[in-house]
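Here is query-v1.txt, consisting of compact mmCIF, C-alpha atoms:
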# COMPACT_ATOMS: atom_id res chain seq x y z
CA MET A 1 -86.83 -10.11 38.80
CA LYS A 2 -84.69 -12.49 36.76
CA PHE A 3 -87.08 -15.34 37.55
CA PHE A 4 -89.80 -13.66 35.51
CA SER A 5 -87.61 -11.85 32.97
CA THR A 6 -86.07 -15.11 31.72
CA PRO A 7 -88.91 -17.65 31.41
CA PRO A 8 -88.11 -21.17 30.15
CA ARG A 9 -88.00 -21.66 26.41
CA TRP A 10 -90.65 -23.72 24.69
CA GLU A 11 -88.59 -26.91 24.50
CA GLU A 12 -88.05 -26.78 28.28
CA TYR A 13 -91.79 -26.57 28.84
CA LYS A 14 -92.23 -29.51 26.48
CA ASP A 15 -89.93 -31.69 28.60
CA PHE A 16 -91.64 -30.48 31.78
CA TYR A 17 -95.16 -31.38 30.66
CA GLN A 18 -94.05 -34.87 29.72
CA LEU A 19 -93.20 -35.74 33.34
CA THR A 20 -95.46 -38.54 34.58
CA ILE A 21 -96.23 -36.96 37.96
CA PHE A 22 -98.10 -34.10 36.34
CA ARG A 23 -100.43 -36.47 34.54
CA TYR A 24 -101.81 -37.37 37.96
CA LEU A 25 -102.77 -33.73 38.48
CA ALA A 26 -104.86 -33.92 35.34
CA MET A 27 -106.42 -37.18 36.53
CA TRP A 28 -107.18 -35.66 39.95
CA PHE A 29 -108.89 -32.71 38.28
CA SER A 30 -111.16 -35.13 36.41
CA ILE A 31 -112.15 -37.62 39.08
CA VAL A 32 -112.39 -35.54 42.26
CA PRO A 33 -115.70 -33.77 41.48
CA LEU A 34 -117.23 -37.16 40.65
CA ILE A 35 -115.99 -38.79 43.86
CA ALA A 36 -117.01 -35.77 45.94
CA GLY A 37 -120.52 -35.99 44.51
CA LEU A 38 -120.78 -39.70 45.30
CA LEU A 39 -119.56 -39.28 48.88
CA SER A 40 -121.51 -36.14 49.72
CA GLY A 41 -124.63 -38.09 50.66
CA LEU A 42 -122.85 -40.62 52.90
CA PRO A 43 -122.49 -40.27 56.68
CA ASP A 44 -119.06 -39.50 58.09
CA PRO A 45 -117.76 -41.68 59.65
CA LEU A 46 -119.21 -44.40 57.42
CA PRO A 47 -120.44 -47.51 59.32
CA ILE A 48 -119.34 -50.80 57.74
CA ASN A 49 -120.78 -54.12 58.96
CA VAL A 50 -118.32 -57.01 58.68
CA ALA A 51 -119.38 -60.39 60.08
CA GLY A 52 -121.66 -58.73 62.62
CA ASN A 53 -119.06 -56.23 63.69
CA VAL A 54 -119.59 -52.56 62.85
CA TYR A 55 -116.56 -50.54 61.89
CA HIS A 56 -116.57 -46.80 61.33
CA ILE A 57 -114.44 -45.50 58.49
CA SER A 58 -113.62 -41.82 58.32
CA LEU A 59 -114.20 -40.27 54.90
CA GLU A 60 -112.10 -37.25 55.74
CA LEU A 61 -108.90 -36.98 53.71
CA PRO A 62 -105.61 -36.03 55.40
CA PHE A 63 -105.42 -32.97 53.13
CA ASN A 64 -107.71 -30.36 51.62
CA TRP A 65 -108.82 -31.90 48.32
CA LYS A 66 -110.19 -28.55 47.12
CA ILE A 67 -106.70 -27.04 47.23
CA LEU A 68 -105.31 -29.97 45.25
CA TRP A 69 -108.15 -29.67 42.73
CA LEU A 70 -107.41 -25.96 42.34
CA SER A 71 -103.73 -26.77 41.83
CA SER A 72 -104.71 -29.28 39.13
CA PHE A 73 -107.05 -26.77 37.48
CA ILE A 74 -104.37 -24.08 37.27
CA PHE A 75 -101.89 -26.63 35.96
CA LEU A 76 -104.31 -27.63 33.19
CA ILE A 77 -104.78 -23.97 32.25
CA SER A 78 -101.02 -23.62 31.87
CA PHE A 79 -100.88 -26.81 29.79
CA GLY A 80 -103.71 -25.59 27.57
CA LEU A 81 -101.86 -22.32 27.02
CA TYR A 82 -98.70 -24.24 26.19
CA SER A 83 -100.52 -26.51 23.74
CA TYR A 84 -102.09 -23.52 21.99
CA LYS A 85 -99.05 -21.23 21.83
CA CYS A 86 -96.06 -23.55 21.56
CA PRO A 87 -94.79 -23.41 17.94
CA PRO A 88 -95.57 -26.64 16.03
CA PHE A 89 -91.92 -26.70 14.92
CA ILE A 90 -90.79 -27.15 18.55
CA LYS A 91 -93.39 -29.86 19.18
CA LYS A 92 -92.31 -31.76 16.09
CA TYR A 93 -88.55 -31.26 16.17
CA ASN A 94 -87.19 -31.09 19.69
CA GLN A 95 -83.66 -31.64 18.39
CA PHE A 96 -81.84 -32.02 15.08
CA SER A 97 -81.98 -35.82 15.20
CA ASP A 98 -85.80 -35.57 15.24
CA TYR A 99 -85.61 -33.55 12.04
CA LEU A 100 -83.24 -36.04 10.40
CA ALA A 101 -85.58 -38.90 11.32
CA TYR A 102 -88.12 -37.52 8.82
CA CYS A 103 -85.53 -37.87 6.02
CA HIS A 104 -86.43 -34.51 4.51
CA ASP A 105 -84.77 -33.44 1.30
CA LYS A 106 -82.30 -30.62 1.93
CA ARG A 107 -84.53 -28.40 -0.20
CA TRP A 108 -87.10 -28.62 2.59
CA MET A 109 -85.13 -26.06 4.60
CA ALA A 110 -86.33 -23.35 2.20
CA TRP A 111 -89.94 -24.11 3.10
CA LEU A 112 -89.14 -24.01 6.81
CA ILE A 113 -87.62 -20.55 6.38
CA LYS A 114 -90.76 -19.41 4.58
CA ASP A 115 -92.90 -20.74 7.46
CA LEU A 116 -90.70 -18.89 9.93
CA PHE A 117 -91.03 -15.68 7.94
CA ASP A 118 -94.83 -16.00 7.94
CA SER A 119 -94.97 -16.46 11.73
CA ASN A 120 -94.71 -13.76 14.40
CA VAL A 121 -91.08 -14.18 15.42
CA ASP A 122 -87.97 -12.02 15.56
CA PHE A 123 -87.09 -12.53 11.92
CA LYS A 124 -84.58 -9.68 11.78
CA LYS A 125 -82.26 -11.57 14.10
CA PHE A 126 -82.65 -14.66 11.95
CA ARG A 127 -81.78 -12.64 8.84
CA ASP A 128 -78.67 -11.21 10.51
CA ARG A 129 -77.45 -14.65 11.61
CA MET A 130 -78.05 -16.11 8.15
CA LEU A 131 -76.05 -13.28 6.58
CA GLU A 132 -73.22 -13.71 9.10
CA LYS A 133 -72.97 -17.43 8.37
CA GLY A 134 -73.18 -16.98 4.61
CA TYR A 135 -76.45 -18.87 4.24
CA ALA A 136 -78.31 -15.84 2.85
CA GLU A 137 -77.49 -12.86 0.70
CA LYS A 138 -79.06 -9.61 -0.34
CA ALA A 139 -80.90 -10.02 -3.63
CA SER A 140 -79.45 -8.30 -6.68
CA ALA A 141 -81.19 -5.29 -8.21
CA SER A 142 -82.34 -7.47 -11.11
CA PHE A 143 -84.11 -9.99 -8.86
CA GLN A 144 -87.80 -10.27 -9.66
CA LYS A 145 -90.26 -11.42 -7.01
CA THR A 146 -92.87 -13.92 -8.16
CA ASN A 147 -96.10 -15.32 -6.78
CA GLN A 148 -94.26 -18.58 -6.15
CA ASN A 149 -92.15 -18.69 -3.01
CA PRO A 150 -90.09 -20.82 -2.47
CA ILE A 151 -89.00 -21.21 -6.09
CA VAL A 152 -88.02 -24.74 -7.16
CA LEU A 153 -84.98 -24.70 -9.45
CA GLU A 154 -83.12 -27.56 -11.09
CA LYS A 155 -80.42 -27.93 -8.44
CA GLN A 156 -81.78 -25.89 -5.55
CA THR A 157 -84.93 -24.48 -3.99
CA LEU A 158 -84.71 -20.73 -3.45
CA VAL A 159 -86.63 -18.79 -0.83
CA TYR A 160 -86.77 -15.02 -0.66
CA ILE A 161 -87.82 -12.81 2.21
CA GLU A 162 -88.38 -9.09 2.53
CA VAL A 163 -87.23 -7.28 5.67
CA ASP A 164 -87.29 -3.49 6.08
CA GLY A 165 -87.90 -3.07 2.36
CA GLU A 166 -84.87 -5.18 1.41
CA VAL A 167 -85.09 -8.59 -0.27
CA TYR A 168 -82.82 -11.46 0.80
CA THR A 169 -82.49 -14.92 -0.70
CA SER A 170 -81.38 -18.35 0.49
CA ALA A 171 -81.07 -21.51 -1.59
CA PHE A 172 -80.87 -25.14 -0.49
CA PRO A 173 -78.98 -27.32 -0.64
CA ILE A 174 -76.12 -24.85 -0.60
CA LYS A 175 -73.48 -25.16 -3.30
CA GLY A 176 -70.43 -27.05 -2.11
CA SER A 177 -69.42 -30.47 -0.83
CA ALA A 178 -71.78 -32.91 0.87
CA ASP A 179 -70.20 -32.12 4.24
CA GLU A 180 -70.74 -28.40 3.70
CA ALA A 181 -74.37 -29.01 2.72
CA ASN A 182 -74.91 -31.13 5.84
CA GLU A 183 -73.31 -28.51 8.07
CA ALA A 184 -75.46 -25.78 6.51
CA GLU A 185 -78.59 -27.86 7.06
CA ARG A 186 -77.70 -28.33 10.72
CA GLY A 187 -76.79 -24.68 11.20
CA VAL A 188 -79.96 -23.33 9.62
CA PHE A 189 -82.08 -25.80 11.57
CA TRP A 190 -80.75 -24.49 14.89
CA GLU A 191 -81.22 -20.89 13.80
CA ILE A 192 -84.87 -21.61 13.01
CA PHE A 193 -85.20 -23.56 16.25
CA GLY A 194 -83.75 -20.68 18.25
CA ARG A 195 -86.19 -18.14 16.85
CA TYR A 196 -89.21 -20.35 17.56
CA SER A 197 -87.84 -21.33 20.97
CA SER A 198 -87.65 -17.73 22.19
CA SER A 199 -90.96 -16.61 20.65
CA ASN A 200 -94.13 -15.58 22.55
CA TYR A 201 -92.21 -14.12 25.48
CA ALA A 202 -95.29 -12.86 27.38
CA CYS A 203 -97.05 -16.21 27.05
CA ARG A 204 -94.05 -18.06 28.46
CA ILE A 205 -94.04 -15.73 31.48
CA ILE A 206 -97.76 -16.34 32.08
CA ILE A 207 -97.20 -20.10 31.96
CA ARG A 208 -94.37 -19.80 34.49
CA ILE A 209 -96.59 -17.79 36.87
CA LEU A 210 -99.42 -20.33 36.56
CA LEU A 211 -97.04 -23.20 37.25
CA LEU A 212 -95.63 -21.37 40.26
CA ILE A 213 -99.11 -20.89 41.74
CA SER A 214 -99.97 -24.53 41.04
CA ALA A 215 -96.73 -25.67 42.70
CA LEU A 216 -97.36 -23.54 45.80
CA LEU A 217 -100.85 -25.00 46.21
CA PHE A 218 -99.48 -28.51 45.69
CA THR A 219 -96.83 -27.83 48.36
CA ILE A 220 -99.57 -26.91 50.84
CA VAL A 221 -101.27 -30.25 50.20
CA LEU A 222 -97.95 -32.08 50.50
CA LEU A 223 -97.22 -30.46 53.86
CA GLN A 224 -100.74 -31.36 55.05
CA ASN A 225 -100.06 -34.99 54.12
CA ILE A 226 -96.72 -34.99 55.92
CA TYR A 227 -98.26 -33.42 59.02
CA ALA A 228 -101.13 -35.94 59.06
CA GLY A 229 -98.69 -38.84 58.65
CA LEU A 230 -96.41 -37.63 61.44
CA THR A 231 -99.40 -37.01 63.72
CA TYR A 232 -100.61 -40.57 63.12
CA LEU A 233 -97.17 -42.06 63.68
CA ALA A 234 -96.23 -39.90 66.67
CA PRO A 235 -97.55 -42.28 69.39
CA SER A 236 -95.86 -45.27 67.76
CA LEU A 237 -92.62 -43.38 67.37
CA LYS A 238 -92.78 -42.25 70.98
CA ASN A 239 -93.31 -45.82 72.20
CA GLY A 240 -90.51 -47.04 69.96
CA PHE A 241 -88.08 -44.50 71.37
CA THR A 242 -89.13 -45.47 74.91
CA VAL A 243 -88.46 -49.16 74.22
CA LEU A 244 -85.15 -48.34 72.54
CA LYS A 245 -84.13 -46.17 75.48
CA GLY A 246 -84.99 -48.99 77.88
CA CYS A 247 -82.94 -51.50 75.87
CA ILE A 248 -79.94 -49.22 75.83
CA GLY A 249 -80.31 -48.61 79.57
CA SER A 250 -80.39 -52.34 80.31
CA LEU A 251 -77.24 -52.89 78.27
CA LEU A 252 -75.43 -50.18 80.17
Give the structure from this file in structure tokens form.
Amino acid sequence: MKFFSTPPRWEEYKDFYQLTIFRYLAMWFSIVPLIAGLLSGLPDPLPINVAGNVYHISLELPFNWKILWLSSFIFLISFGLYSYKCPPFIKKYNQFSDYLAYCHDKRWMAWLIKDLFDSNVDFKKFRDRMLEKGYAEKASASFQKTNQNPIVLEKQTLVYIEVDGEVYTSAFPIKGSADEANEAERGVFWEIFGRYSSSNYACRIIIRILLLISALLFTIVLLQNIYAGLTYLAPSLKNGFTVLKGCIGSLL
């Protein structure tokens, strides 16, 4: 199924978890066991004496709180998995303007490439795109690897990577005009972003499944609330329609 074969990318999950409504699920998960424990020893309905008059208040909720708690629990599991597996790069730089806000030197891109190389991502695709755009090249036969990587030079910082036994190099800022250097910085940023964004495919599928289960349980609770509300309002609505019908009849 396409729904499961194309799970959201990490930045989409980031936006999703920032929605305010889902913070209430986390709050519900925390407070419900406490409230349930406090109310478990009270009679239902609960008698309340007000100025000599006794009123009975039902403690029964119009929905199954256990289902909502389970929905919250599964949601928190998905959030924990997201927090653990989402690449720090995506959390820090959700877009290029976020990266620019840190005012990094253009040399910094070499270090980001090294971090990408050291992570478990599809680096071969990154290498191919860098070669296509002219931001990387195959190292010459005379190139000597060192213990230092990236290598800080006078005008540039050079990073080298080894893929399938071949060594490739990139240097930043690239040689050229300021506009060309800026364009290269933007282009390489989005290539790095893309590789991180599509990483951990299986984990992103698991998160989607957990969120789907949580949403289905939440929908059950929502329908229970709607049903309870309509049941409560039904007599009033019926009387209102009767009065309205009588008014229309008198006008006719």
Name the residues in contact with segment 141-154 of chain A at a cut-off of 12 Å, using only C-alpha atoms, excluding same-chain residues fewer than 3 positions from it; report them as a list in words.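 Near segment 141-154 of chain A, the qualifying residues are Arg107, Trp108, Met109, Ala110, Trp111, Leu112, Ile113, Lys114, Asp115, Phe117, Asp118, Glu137, Lys138, Thr157, Leu158, Val159, Tyr160, Ile161, Glu162, Glu166, Val167, Tyr168, Thr169, Ser170, Ala171, Phe172 and Pro173 of chain A.
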Best match for closeness to Ala178 of chain A among A:Lys106, A:Thr231, A:Phe16, A:Leu211, counting only C-alpha atoms: A:Lys106
Need the shell around Gly134 of chain A: protein/DNA/RNA residues with any atom at most 10 Å away, counting only C-alpha atoms. Skip same-chain ones fewer than 5 positions apart. Format as a PyMOL selection string? chain A and resi 128-129+170+174+184
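Of the residues listed (A:Tyr82, A:Tyr17, A:Tyr99, A:Phe75), A:Tyr82 shows the shortest atom-to-atom separation from Ala202 of chain A; distances use only C-alpha atoms.
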Go through A:Arg195, A:Lys92, A:Lys66, A:Arg204 one by one, measure the shortest atom-to-atom distance of each to Glu12 of chain A using all atoms listed in the file, and give the residue with the smallest value.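 Of A:Arg195, A:Lys92, A:Lys66, A:Arg204, the one nearest Glu12 of chain A is A:Arg204, counting all atoms listed in the file.
The spacing separating atom CA of Cys203 of chain A from atom CA of Lys85 of chain A amounts to 7.5 Å.
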Have a look at A:Tyr227, A:Phe218, A:Ser83, A:Val188 and name the one nearest to Leu131 of chain A; count all atoms listed in the file.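 Nearest to Leu131 of chain A: A:Val188.
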Two-atom distance - atom CA of Lys175 of chain A, atom CA of Gln156 of chain A (Å):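 Taking atom CA of Lys175 of chain A as the start and atom CA of Gln156 of chain A as the end point, the length is 8.6 Å.
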A:Asp105, A:Glu191, A:Arg127, A:Arg186: which is nearest Asp164 of chain A, counting all atoms listed in the file?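 Residue with the minimum atom-to-atom distance to Asp164 of chain A: A:Arg127.
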Could you please determine the separation between atom CA of Tyr13 of chain A and atom CA of Trp69 of chain A in Å, to one decimal place?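 We find that atom CA of Tyr13 of chain A and atom CA of Trp69 of chain A lie 21.7 Å from each other.
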Residue nearest Tyr93 of chain A - candidates A:Ser177, A:Gln224, A:Ser71, A:Ser197, atoms counted: only C-alpha atoms: A:Ser197
